[in-house]
>>> print(open('work25.csv').read())   # CSV, C-alpha atoms
chain,number,residue,atom,x,y,z
O,1,MET,CA,35.0,4.5,-4.4
O,2,LYS,CA,31.5,4.3,-6.0
O,3,SER,CA,29.4,1.5,-4.6
O,4,THR,CA,28.7,-1.4,-7.0
O,5,LYS,CA,25.7,-2.6,-4.9
O,6,PRO,CA,22.3,-2.4,-6.5
O,7,LYS,CA,20.2,0.6,-5.7
O,8,ALA,CA,16.5,0.7,-5.0
O,9,PHE,CA,14.5,3.9,-5.2
O,10,ILE,CA,11.2,3.8,-3.2
O,11,THR,CA,8.6,6.4,-3.5
O,12,GLY,CA,6.3,6.5,-0.5
O,13,ILE,CA,8.9,5.0,1.7
O,14,THR,CA,7.4,6.4,4.9
O,15,GLY,CA,4.0,4.8,4.3
O,16,MET,CA,2.9,1.4,5.6
O,17,VAL,CA,4.0,-0.5,2.5
O,18,GLY,CA,7.1,1.5,1.8
O,19,SER,CA,8.3,1.0,5.4
O,20,HIS,CA,7.7,-2.7,5.3
O,21,LEU,CA,9.5,-3.0,1.9
O,22,THR,CA,12.4,-1.1,3.5
O,23,ASP,CA,12.4,-3.7,6.4
O,24,PHE,CA,12.4,-6.5,3.8
O,25,LEU,CA,15.2,-5.1,1.6
O,26,LEU,CA,17.5,-4.3,4.5
O,27,GLU,CA,17.1,-7.8,5.9
O,28,ASN,CA,17.2,-9.8,2.7
O,29,THR,CA,19.4,-7.9,0.3
O,30,ASN,CA,22.6,-5.9,0.2
O,31,TRP,CA,21.0,-3.1,-1.8
O,32,ASP,CA,21.3,0.5,-1.0
O,33,ILE,CA,17.9,2.2,-0.6
O,34,ILE,CA,17.0,5.7,-1.6
O,35,GLY,CA,13.6,6.9,-0.3
O,36,LEU,CA,11.6,9.8,-1.8
O,37,ILE,CA,10.1,11.9,0.9
O,38,ARG,CA,8.4,15.3,1.1
O,39,TRP,CA,9.7,17.9,3.5
O,40,ARG,CA,6.7,17.2,5.8
O,41,SER,CA,6.8,13.4,5.6
O,42,PRO,CA,6.5,11.9,9.1
O,43,LEU,CA,9.4,9.4,9.7
O,44,ASP,CA,7.6,7.3,12.4
O,45,ASN,CA,7.3,4.2,10.3
O,46,ILE,CA,11.0,4.0,9.5
O,47,SER,CA,12.4,5.5,12.7
O,48,HIS,CA,13.9,2.1,13.6
O,49,HIS,CA,16.1,2.4,10.4
O,50,LEU,CA,17.3,6.0,10.8
O,51,HIS,CA,20.7,4.8,12.0
O,52,GLU,CA,21.1,3.4,8.4
O,53,THR,CA,21.2,7.0,7.1
O,54,ARG,CA,24.4,7.8,8.9
O,55,GLY,CA,27.9,7.3,7.5
O,56,GLY,CA,28.2,3.9,5.9
O,57,GLY,CA,24.6,3.1,6.1
O,58,ARG,CA,22.4,1.7,3.3
O,59,LEU,CA,19.5,4.1,3.6
O,60,SER,CA,19.3,7.7,2.3
O,61,PHE,CA,16.5,10.1,1.4
O,62,VAL,CA,15.9,12.6,-1.4
O,63,TYR,CA,13.3,15.3,-1.2
O,64,GLY,CA,10.6,15.5,-3.9
O,65,ASP,CA,6.9,15.7,-4.5
O,66,LEU,CA,5.0,13.9,-7.3
O,67,ARG,CA,3.2,17.1,-8.1
O,68,ASP,CA,6.5,18.9,-8.7
O,69,THR,CA,8.2,17.9,-12.0
O,70,LEU,CA,11.6,19.5,-11.3
O,71,SER,CA,11.9,17.8,-7.9
O,72,ILE,CA,11.2,14.4,-9.4
O,73,ASP,CA,13.7,15.0,-12.2
O,74,ASN,CA,16.4,16.0,-9.7
O,75,ALA,CA,15.6,13.0,-7.5
O,76,VAL,CA,15.9,10.5,-10.3
O,77,ALA,CA,18.9,12.1,-12.0
O,78,GLY,CA,20.7,12.1,-8.7
O,79,CYS,CA,20.3,8.4,-7.8
O,80,ASN,CA,20.1,6.5,-11.2
O,81,PRO,CA,18.4,3.4,-9.5
O,82,ASP,CA,18.6,-0.2,-10.6
O,83,TYR,CA,15.1,-0.9,-9.1
O,84,VAL,CA,12.2,1.4,-8.6
O,85,PHE,CA,9.2,0.8,-6.4
O,86,HIS,CA,6.6,3.4,-7.1
O,87,LEU,CA,4.3,3.2,-4.0
O,88,ALA,CA,3.6,6.9,-3.3
O,89,ALA,CA,0.0,8.0,-3.9
O,90,GLN,CA,-2.9,9.8,-2.5
O,91,SER,CA,-4.2,6.4,-1.3
O,92,PHE,CA,-7.3,7.0,0.6
O,93,PRO,CA,-10.5,6.2,-1.3
O,94,LYS,CA,-12.8,8.2,1.0
O,95,THR,CA,-10.5,11.3,0.9
O,96,SER,CA,-10.6,11.2,-2.9
O,97,PHE,CA,-14.3,12.1,-2.9
O,98,GLU,CA,-13.4,15.3,-1.0
O,99,SER,CA,-10.1,16.0,-3.0
O,100,PRO,CA,-10.6,14.5,-6.4
O,101,LEU,CA,-8.3,16.8,-8.3
O,102,ASP,CA,-5.4,16.4,-5.9
O,103,THR,CA,-5.9,12.7,-6.1
O,104,LEU,CA,-5.8,12.7,-9.9
O,105,ASP,CA,-2.8,15.0,-10.1
O,106,THR,CA,-0.8,13.0,-7.5
O,107,ASN,CA,-1.6,9.6,-8.8
O,108,ILE,CA,-1.8,10.0,-12.6
O,109,GLN,CA,0.3,12.9,-13.4
O,110,GLY,CA,2.7,12.1,-10.6
O,111,THR,CA,3.3,8.6,-12.1
O,112,ASN,CA,3.8,10.2,-15.5
O,113,ARG,CA,6.3,12.7,-14.1
O,114,LEU,CA,8.3,9.8,-12.4
O,115,LEU,CA,8.3,7.6,-15.5
O,116,GLU,CA,9.3,10.5,-17.7
O,117,ALA,CA,12.2,11.3,-15.4
O,118,LEU,CA,13.2,7.6,-15.5
O,119,LYS,CA,13.0,7.6,-19.3
O,120,LYS,CA,15.4,10.6,-19.4
O,121,TYR,CA,17.9,9.7,-16.6
O,122,SER,CA,17.6,6.0,-15.8
O,123,PRO,CA,16.0,4.1,-18.8
O,124,GLU,CA,17.4,0.7,-17.7
O,125,SER,CA,15.7,0.7,-14.3
O,126,ILE,CA,13.4,-2.2,-13.5
O,127,ILE,CA,10.2,-0.4,-12.4
O,128,HIS,CA,7.3,-1.5,-10.3
O,129,VAL,CA,4.2,0.7,-10.6
O,130,CYS,CA,1.7,0.1,-7.9
O,131,SER,CA,-1.9,0.2,-9.2
O,132,SER,CA,-4.8,-1.1,-7.1
O,133,SER,CA,-7.6,-3.7,-7.1
O,134,GLU,CA,-9.9,-0.7,-6.8
O,135,ILE,CA,-9.6,-0.2,-10.6
O,136,PHE,CA,-12.0,-3.1,-11.0
O,137,GLY,CA,-14.6,-1.4,-8.8
O,138,LYS,CA,-18.1,-2.6,-9.2
O,139,VAL,CA,-17.9,-6.2,-10.5
O,140,SER,CA,-20.7,-8.7,-11.0
O,141,LYS,CA,-20.7,-12.0,-9.2
O,142,ASP,CA,-20.0,-13.9,-12.4
O,143,GLN,CA,-16.6,-12.1,-12.7
O,144,ILE,CA,-15.4,-13.4,-9.3
O,145,PRO,CA,-12.6,-14.2,-8.8
O,146,ILE,CA,-11.2,-11.1,-10.6
O,147,ASN,CA,-8.5,-11.8,-13.1
O,148,GLU,CA,-6.3,-9.4,-15.0
O,149,GLU,CA,-8.6,-9.2,-18.0
O,150,CYS,CA,-11.6,-8.0,-16.0
O,151,SER,CA,-13.0,-4.7,-17.2
O,152,PHE,CA,-12.4,-1.5,-15.2
O,153,HIS,CA,-15.4,0.0,-13.4
O,154,PRO,CA,-13.9,2.3,-10.8
O,155,ALA,CA,-16.1,3.4,-7.9
O,156,SER,CA,-14.2,6.4,-6.5
O,157,PRO,CA,-12.0,9.2,-7.7
O,158,TYR,CA,-9.1,7.2,-6.1
O,159,ALA,CA,-10.0,4.2,-8.3
O,160,ILE,CA,-10.2,6.4,-11.4
O,161,SER,CA,-6.7,7.8,-10.6
O,162,LYS,CA,-5.4,4.2,-10.3
O,163,VAL,CA,-6.8,3.3,-13.6
O,164,GLY,CA,-4.8,6.2,-15.0
O,165,THR,CA,-1.7,5.1,-13.1
O,166,ASP,CA,-2.1,1.6,-14.4
O,167,LEU,CA,-2.5,2.7,-18.1
O,168,VAL,CA,0.4,5.2,-17.8
O,169,GLY,CA,2.7,2.4,-16.6
O,170,ARG,CA,1.7,0.1,-19.5
O,171,PHE,CA,2.1,3.0,-22.0
O,172,TYR,CA,5.7,3.7,-21.0
O,173,ALA,CA,6.5,0.0,-21.2
O,174,GLU,CA,5.1,-0.3,-24.7
O,175,ALA,CA,5.9,3.1,-26.2
O,176,TYR,CA,9.5,3.5,-24.8
O,177,ASP,CA,10.6,-0.2,-24.2
O,178,MET,CA,11.0,0.5,-20.5
O,179,LYS,CA,11.0,-2.3,-17.9
O,180,VAL,CA,7.7,-1.4,-16.2
O,181,MET,CA,5.5,-3.9,-14.5
O,182,THR,CA,2.2,-3.1,-12.8
O,183,THR,CA,0.5,-4.7,-9.8
O,184,ARG,CA,-3.1,-4.6,-8.8
O,185,MET,CA,-2.8,-5.4,-5.1
O,186,PHE,CA,-6.0,-6.4,-3.3
O,187,THR,CA,-6.6,-5.6,0.4
O,188,HIS,CA,-3.4,-5.8,2.4
O,189,THR,CA,-2.9,-4.7,5.9
O,190,GLY,CA,-0.9,-5.1,9.1
O,191,PRO,CA,1.1,-3.0,11.5
O,192,ARG,CA,1.4,0.7,10.5
O,193,ARG,CA,-1.8,0.7,8.5
O,194,GLY,CA,-3.3,4.2,8.3
O,195,ASP,CA,-6.4,4.7,10.4
O,196,VAL,CA,-8.4,5.9,7.4
O,197,PHE,CA,-8.8,2.2,6.3
O,198,ALA,CA,-11.6,0.2,7.8
O,199,GLU,CA,-9.7,-2.6,9.6
O,200,SER,CA,-7.1,-0.2,11.1
O,201,SER,CA,-9.8,2.2,12.2
O,202,PHE,CA,-11.5,-0.6,14.0
O,203,ALA,CA,-8.3,-1.8,15.6
O,204,LYS,CA,-7.5,1.8,16.7
O,205,GLN,CA,-11.0,2.3,18.2
O,206,ILE,CA,-10.7,-1.0,20.1
O,207,ALA,CA,-7.3,-0.1,21.5
O,208,LEU,CA,-8.6,3.3,22.6
O,209,ALA,CA,-11.5,1.6,24.3
O,210,GLU,CA,-9.3,-0.9,26.1
O,211,GLU,CA,-7.3,2.1,27.5
O,212,GLY,CA,-10.5,3.8,28.6
O,213,LEU,CA,-10.0,6.7,26.3
O,214,ILE,CA,-13.3,6.2,24.5
O,215,GLU,CA,-16.5,4.4,25.1
O,216,PRO,CA,-16.5,0.7,23.9
O,217,VAL,CA,-18.3,1.6,20.7
O,218,VAL,CA,-16.7,0.9,17.3
O,219,ARG,CA,-18.1,3.2,14.6
O,220,VAL,CA,-18.2,1.7,11.1
O,221,GLY,CA,-19.3,2.1,7.5
O,222,ASN,CA,-20.4,-0.5,5.1
O,223,LEU,CA,-19.9,-3.9,6.7
O,224,LYS,CA,-21.3,-6.0,3.8
O,225,SER,CA,-18.4,-5.5,1.4
O,226,LEU,CA,-16.5,-8.7,0.6
O,227,ARG,CA,-12.7,-8.6,0.8
O,228,THR,CA,-9.7,-10.9,0.5
O,229,PHE,CA,-7.1,-10.0,3.1
O,230,ALA,CA,-3.4,-10.3,2.8
O,231,ASP,CA,-0.5,-9.3,5.1
O,232,VAL,CA,1.6,-6.3,4.1
O,233,ARG,CA,4.7,-8.3,4.8
O,234,ASP,CA,3.6,-10.9,2.2
O,235,ALA,CA,2.8,-8.0,-0.2
O,236,VAL,CA,6.3,-6.6,-0.1
O,237,ARG,CA,7.8,-10.0,-0.7
O,238,ALA,CA,5.7,-10.2,-3.8
O,239,TYR,CA,7.0,-6.8,-4.9
O,240,TYR,CA,10.6,-7.9,-4.5
O,241,TRP,CA,9.9,-11.1,-6.5
O,242,LEU,CA,8.2,-9.1,-9.2
O,243,VAL,CA,11.4,-7.2,-10.0
O,244,THR,CA,13.9,-10.0,-9.4
O,245,LYS,CA,12.3,-13.2,-10.8
O,246,ASN,CA,12.6,-12.8,-14.6
O,247,PRO,CA,10.7,-9.5,-14.8
O,248,GLN,CA,8.4,-9.1,-17.8
O,249,PRO,CA,8.1,-5.5,-19.0
O,250,GLY,CA,4.6,-4.4,-19.7
O,251,GLU,CA,2.9,-7.1,-17.7
O,252,CYS,CA,0.3,-6.5,-15.0
O,253,TYR,CA,-0.5,-8.9,-12.1
O,254,ASN,CA,-3.3,-9.3,-9.6
O,255,ILE,CA,-1.8,-10.0,-6.1
O,256,GLY,CA,-3.7,-10.8,-3.0
O,257,GLY,CA,-4.3,-13.1,-0.1
O,258,SER,CA,-6.3,-16.3,0.2
O,259,VAL,CA,-8.7,-15.4,3.0
O,260,SER,CA,-12.0,-13.8,2.0
O,261,MET,CA,-14.8,-12.5,4.2
O,262,THR,CA,-17.1,-9.6,4.7
O,263,VAL,CA,-15.9,-6.5,6.5
O,264,GLU,CA,-18.3,-7.5,9.3
O,265,GLU,CA,-16.7,-10.8,9.7
O,266,MET,CA,-13.2,-9.2,9.9
O,267,LEU,CA,-14.5,-6.8,12.6
O,268,GLN,CA,-16.0,-9.7,14.6
O,269,PHE,CA,-12.6,-11.3,14.7
O,270,LEU,CA,-10.9,-8.1,15.9
O,271,VAL,CA,-13.6,-7.8,18.6
O,272,SER,CA,-13.2,-11.4,19.6
O,273,ILE,CA,-9.5,-10.9,20.4
O,274,SER,CA,-10.1,-7.8,22.5
O,275,SER,CA,-10.0,-7.8,26.2
O,276,MET,CA,-13.3,-5.9,26.1
O,277,SER,CA,-15.0,-8.3,23.6
O,278,GLU,CA,-18.1,-8.6,25.8
O,279,LYS,CA,-18.6,-4.8,26.2
O,280,ILE,CA,-18.0,-3.6,22.6
O,281,THR,CA,-20.9,-2.5,20.5
O,282,ILE,CA,-21.1,-1.5,16.9
O,283,GLU,CA,-22.6,1.6,15.4
O,284,VAL,CA,-22.9,2.6,11.7
O,285,GLU,CA,-21.7,6.2,11.2
O,286,LYS,CA,-23.1,7.9,8.0
O,287,GLY,CA,-19.8,9.8,7.4
O,288,ARG,CA,-18.0,6.5,7.0
O,289,LEU,CA,-20.1,5.3,4.1
O,290,ARG,CA,-18.8,5.9,0.5
O,291,PRO,CA,-21.2,7.1,-2.2
O,292,ILE,CA,-20.3,4.0,-4.2
O,293,ASP,CA,-18.5,1.0,-2.8
O,294,ALA,CA,-16.4,-1.7,-4.5
O,295,ASP,CA,-18.0,-4.5,-2.6
O,296,LEU,CA,-16.7,-7.7,-4.3
O,297,GLN,CA,-12.9,-7.7,-4.1
O,298,ILE,CA,-11.8,-11.3,-4.6
O,299,PRO,CA,-8.7,-11.9,-6.7
O,300,ASP,CA,-7.5,-14.5,-9.1
O,301,THR,CA,-3.8,-14.6,-8.5
O,302,ALA,CA,-2.9,-17.5,-10.8
O,303,LYS,CA,-0.9,-15.4,-13.3
O,304,PHE,CA,1.5,-14.1,-10.6
O,305,TYR,CA,1.8,-17.5,-9.0
O,306,LYS,CA,2.6,-19.1,-12.3
O,307,HIS,CA,5.3,-16.6,-13.0
O,308,THR,CA,6.9,-16.4,-9.6
O,309,GLY,CA,5.5,-19.1,-7.3
O,310,TRP,CA,4.4,-16.4,-4.8
O,311,ARG,CA,1.7,-17.2,-2.3
O,312,ALA,CA,0.5,-15.4,0.8
O,313,GLU,CA,2.0,-17.2,3.9
O,314,ILE,CA,1.1,-15.1,6.9
O,315,PRO,CA,-2.2,-16.2,8.5
O,316,PHE,CA,-5.1,-13.8,8.7
O,317,GLU,CA,-5.3,-14.2,12.5
O,318,LYS,CA,-1.7,-13.1,12.9
O,319,THR,CA,-2.2,-10.1,10.6
O,320,MET,CA,-5.1,-8.8,12.6
O,321,SER,CA,-3.5,-9.6,16.0
O,322,ASP,CA,-0.4,-7.7,15.0
O,323,LEU,CA,-2.5,-4.8,13.7
O,324,LEU,CA,-4.4,-4.6,17.0
O,325,ASP,CA,-1.1,-4.9,19.0
O,326,TYR,CA,0.4,-2.1,16.9
O,327,TRP,CA,-2.5,0.2,17.9
O,328,ARG,CA,-2.3,-0.9,21.5
O,329,LYS,CA,1.4,0.1,21.7
O,330,ARG,CA,0.7,3.4,19.9
O,331,VAL,CA,-2.1,4.3,22.2
O,332,ALA,CA,-0.2,3.4,25.3
O,333,LYS,CA,2.9,5.4,24.1
O,334,GLU,CA,0.9,8.4,22.9
O,335,LYS,CA,-1.9,8.4,25.5
O,336,ASP,CA,-1.6,12.1,26.3
O,337,SER,CA,-1.9,13.1,22.7
O,338,PHE,CA,-4.9,10.9,22.1
O,339,LEU,CA,-6.6,12.5,25.1
O,340,LEU,CA,-6.3,15.9,23.4
O,341,ARG,CA,-8.0,14.7,20.2
>>> encode(input="work25.csv", output="structure tokens")
Amino acid sequence: MKSTKPKAFITGITGMVGSHLTDFLLENTNWDIIGLIRWRSPLDNISHHLHETRGGGRLSFVYGDLRDTLSIDNAVAGCNPDYVFHLAAQSFPKTSFESPLDTLDTNIQGTNRLLEALKKYSPESIIHVCSSSEIFGKVSKDQIPINEECSFHPASPYAISKVGTDLVGRFYAEAYDMKVMTTRMFTHTGPRRGDVFAESSFAKQIALAEEGLIEPVVRVGNLKSLRTFADVRDAVRAYYWLVTKNPQPGECYNIGGSVSMTVEEMLQFLVSISSMSEKITIEVEKGRLRPIDADLQIPDTAKFYKHTGWRAEIPFEKTMSDLLDYWRKRVAKEKDSFLLR
């Protein structure tokens, strides 16, 4: 008998956000979950849920690539989801300077391919398109906090690609009457964060130093950027509320935490909770600096709060402590592989 339970389709399910969203949905709903993965996608972040892929479980995978139209068509046609969380992207701003065309194709045309497939095969789906606060880029102090009407001034090929993602989502909502909502999530982090992002790179280096695998030196880029930090587990709760609390097609929302500080202050906190806090030194590494940096990323989240009542709940200190513990466990478990790097 065909299941009558709602179905959620998650692109980027194996990433940090996708895996935490999977955690949330399995714990808090009865939905079946279909994750889009590439043949080479590592399953580490969702390995604790692989038992749900066996008979009677609520998790399954379909293979596809945002750069391959046919695979996306086949994936969407085969699952006909009630809810779509489009999280997959080339999401590393620094990498986008080295691979701008791949970033633009994956993020802009990939989003277009997905929405076109949904228009053809699942036009009633409620769709979340994940844009980014990076679209605002270089903003002046008089535009802080940043609201949804702030002009776009992207400061990387990644940010440019997310401007395209943002506009494609709005276009499909307006042109085809599809139920598409877009979020501009500000900095969010926690366990499973990729080490190409500043706070996770710092936590990884600290964990490696604590294990004696590297010298107690944390190599950094620009420490003066101002950021507002949120926990990824709060972020996925916001995404769930977005599609379930009176969803408004065509709307866009800024979402973010309530704790703002410089990257340097965030690093100082991570160092302070290390067992080697007295020994760790900081060195700026030229290769970690971006050609342009979005250095004022403070959100105005009033619109999303007014619509859903969502607020960040997890304290900054817990987020960073959990991130460092995540890297401590990984380093301890994979010590031999880290020695070979």
>>> residues_around(input="work25.csv", residues="range 16-23 of chain O", least_positions_apart="2", cutoff="8 Å", atoms="all atoms listed in the file", output="ChimeraX atom specification")
/O:10-14,25-27,33,45-46,87,191-194,232-233,236-237
>>> atom_distance(input="work25.csv", atom1="CA of Arg219 in chain O", atom2="CA of Ser337 in chain O")
20.6 Å
>>> closest_residue(input="work25.csv", among="O:Ile298, O:Arg330, O:Phe304, O:Val129", to="Lys141 in chain O", atoms="all atoms listed in the file")
O:Ile298
>>> closest_residue(input="work25.csv", among="O:Val243, O:Leu296, O:Ala235, O:Val84", to="Glu134 in chain O", atoms="all atoms listed in the file")
O:Leu296
>>> residues_around(input="work25.csv", residues="Leu270 in chain O", least_positions_apart="5", cutoff="12 Å", atoms="all atoms listed in the file", output="PyMOL selection string")
chain O and resi 198-207+218+263-265+275-277+280+316-325+327
>>> atom_distance(input="work25.csv", atom1="CA of Arg184 in chain O", atom2="CA of Lys5 in chain O")
29.1 Å
>>> closest_residue(input="work25.csv", among="O:Val76, O:Ile34, O:Arg328, O:Ser47", to="Gly212 in chain O", atoms="only C-alpha atoms")
O:Arg328
>>> atom_distance(input="work25.csv", atom1="CA of Leu104 in chain O", atom2="CA of Gly137 in chain O")
16.7 Å
>>> residues_around(input="work25.csv", residues="Ala89 in chain O", least_positions_apart="4", cutoff="10 Å", atoms="all atoms listed in the file", output="list in words")
Thr11, Gly12, Gly15, Leu66, Thr103, Leu104, Asp105, Thr106, Asn107, Ile108, Gly110, Thr111, Cys130, Ser131, Tyr158, Ser161, Lys162 and Thr165 of chain O
>>> residues_near_point(input="work25.csv", point="(11.3, 10.6, -10.2)", cutoff="7 Å", atoms="only C-alpha atoms", output="list of chain:residue names")
O:Ile72, O:Asp73, O:Ala75, O:Val76, O:Arg113, O:Leu114, O:Leu115, O:Ala117, O:Leu118
>>> closest_residue(input="work25.csv", among="O:Pro249, O:Pro216, O:Pro154, O:Gly164", to="Lys179 in chain O", atoms="only C-alpha atoms")
O:Pro249
>>> closest_residue(input="work25.csv", among="O:Phe9, O:Pro291, O:Arg170, O:Phe152", to="Ser140 in chain O", atoms="only C-alpha atoms")
O:Phe152
>>> residues_around(input="work25.csv", residues="Asp300 in chain O", least_positions_apart="4", cutoff="9 Å", atoms="only C-alpha atoms", output="MDAnalysis selection string")
chainID O and resid 144:148 254:256
>>> residues_around(input="work25.csv", residues="Lys119 in chain O", least_positions_apart="2", cutoff="12 Å", atoms="only C-alpha atoms", output="PyMOL selection string")
chain O and resi 73+76-77+80-81+112-117+121-127+169+172-173+175-180
>>> closest_residue(input="work25.csv", among="O:Leu208, O:Val163, O:Val331, O:Val220", to="Leu289 in chain O", atoms="all atoms listed in the file")
O:Val220
>>> build_atoms(input="work25.csv", residues="range 302-328 of chain O", atoms="N, CA and C atoms", output="compact mmCIF listing (two decimals), in the frame of the given file")
# COMPACT_ATOMS: atom_id res chain seq x y z
N ALA O 302 -3.63 -16.41 -10.12
CA ALA O 302 -2.90 -17.50 -10.80
C ALA O 302 -1.81 -17.04 -11.69
N LYS O 303 -1.97 -15.90 -12.35
CA LYS O 303 -0.90 -15.40 -13.30
C LYS O 303 0.36 -15.11 -12.53
N PHE O 304 0.27 -14.42 -11.39
CA PHE O 304 1.50 -14.10 -10.60
C PHE O 304 2.08 -15.34 -10.01
N TYR O 305 1.24 -16.26 -9.54
CA TYR O 305 1.80 -17.50 -9.00
C TYR O 305 2.49 -18.31 -10.05
N LYS O 306 1.93 -18.38 -11.24
CA LYS O 306 2.60 -19.10 -12.30
C LYS O 306 3.92 -18.56 -12.67
N HIS O 307 4.02 -17.22 -12.62
CA HIS O 307 5.30 -16.60 -13.00
C HIS O 307 6.34 -16.64 -11.90
N THR O 308 5.93 -16.50 -10.64
CA THR O 308 6.90 -16.40 -9.60
C THR O 308 6.82 -17.46 -8.49
N GLY O 309 5.69 -18.14 -8.38
CA GLY O 309 5.50 -19.10 -7.30
C GLY O 309 5.09 -18.46 -5.99
N TRP O 310 4.81 -17.15 -6.01
CA TRP O 310 4.40 -16.40 -4.80
C TRP O 310 3.05 -16.85 -4.30
N ARG O 311 2.94 -17.07 -3.01
CA ARG O 311 1.70 -17.20 -2.30
C ARG O 311 1.71 -16.47 -1.01
N ALA O 312 0.56 -16.02 -0.55
CA ALA O 312 0.50 -15.40 0.80
C ALA O 312 0.78 -16.51 1.83
N GLU O 313 1.55 -16.16 2.85
CA GLU O 313 2.00 -17.20 3.90
C GLU O 313 1.51 -16.80 5.27
N ILE O 314 1.35 -15.53 5.56
CA ILE O 314 1.10 -15.10 6.90
C ILE O 314 -0.44 -15.27 7.21
N PRO O 315 -0.82 -15.99 8.26
CA PRO O 315 -2.20 -16.20 8.50
C PRO O 315 -3.00 -14.93 8.84
N PHE O 316 -4.25 -14.90 8.43
CA PHE O 316 -5.10 -13.80 8.70
C PHE O 316 -5.14 -13.40 10.18
N GLU O 317 -5.19 -14.43 11.04
CA GLU O 317 -5.30 -14.20 12.50
C GLU O 317 -4.05 -13.45 13.00
N LYS O 318 -2.87 -13.78 12.48
CA LYS O 318 -1.70 -13.10 12.90
C LYS O 318 -1.67 -11.64 12.40
N THR O 319 -2.09 -11.46 11.15
CA THR O 319 -2.20 -10.10 10.60
C THR O 319 -3.00 -9.20 11.47
N MET O 320 -4.19 -9.66 11.81
CA MET O 320 -5.10 -8.80 12.60
C MET O 320 -4.64 -8.66 14.04
N SER O 321 -4.07 -9.71 14.60
CA SER O 321 -3.50 -9.60 16.00
C SER O 321 -2.38 -8.61 16.00
N ASP O 322 -1.50 -8.66 15.01
CA ASP O 322 -0.40 -7.70 15.00
C ASP O 322 -0.86 -6.28 14.74
N LEU O 323 -1.91 -6.12 13.94
CA LEU O 323 -2.50 -4.80 13.70
C LEU O 323 -3.04 -4.23 15.01
N LEU O 324 -3.79 -5.03 15.74
CA LEU O 324 -4.40 -4.60 17.00
C LEU O 324 -3.25 -4.26 18.01
N ASP O 325 -2.23 -5.11 18.07
CA ASP O 325 -1.10 -4.90 19.00
C ASP O 325 -0.37 -3.58 18.61
N TYR O 326 -0.25 -3.32 17.32
CA TYR O 326 0.40 -2.10 16.90
C TYR O 326 -0.37 -0.88 17.45
N TRP O 327 -1.70 -0.89 17.38
CA TRP O 327 -2.50 0.20 17.90
C TRP O 327 -2.44 0.27 19.43
N ARG O 328 -2.41 -0.88 20.07
CA ARG O 328 -2.30 -0.90 21.50
C ARG O 328 -1.00 -0.20 21.98
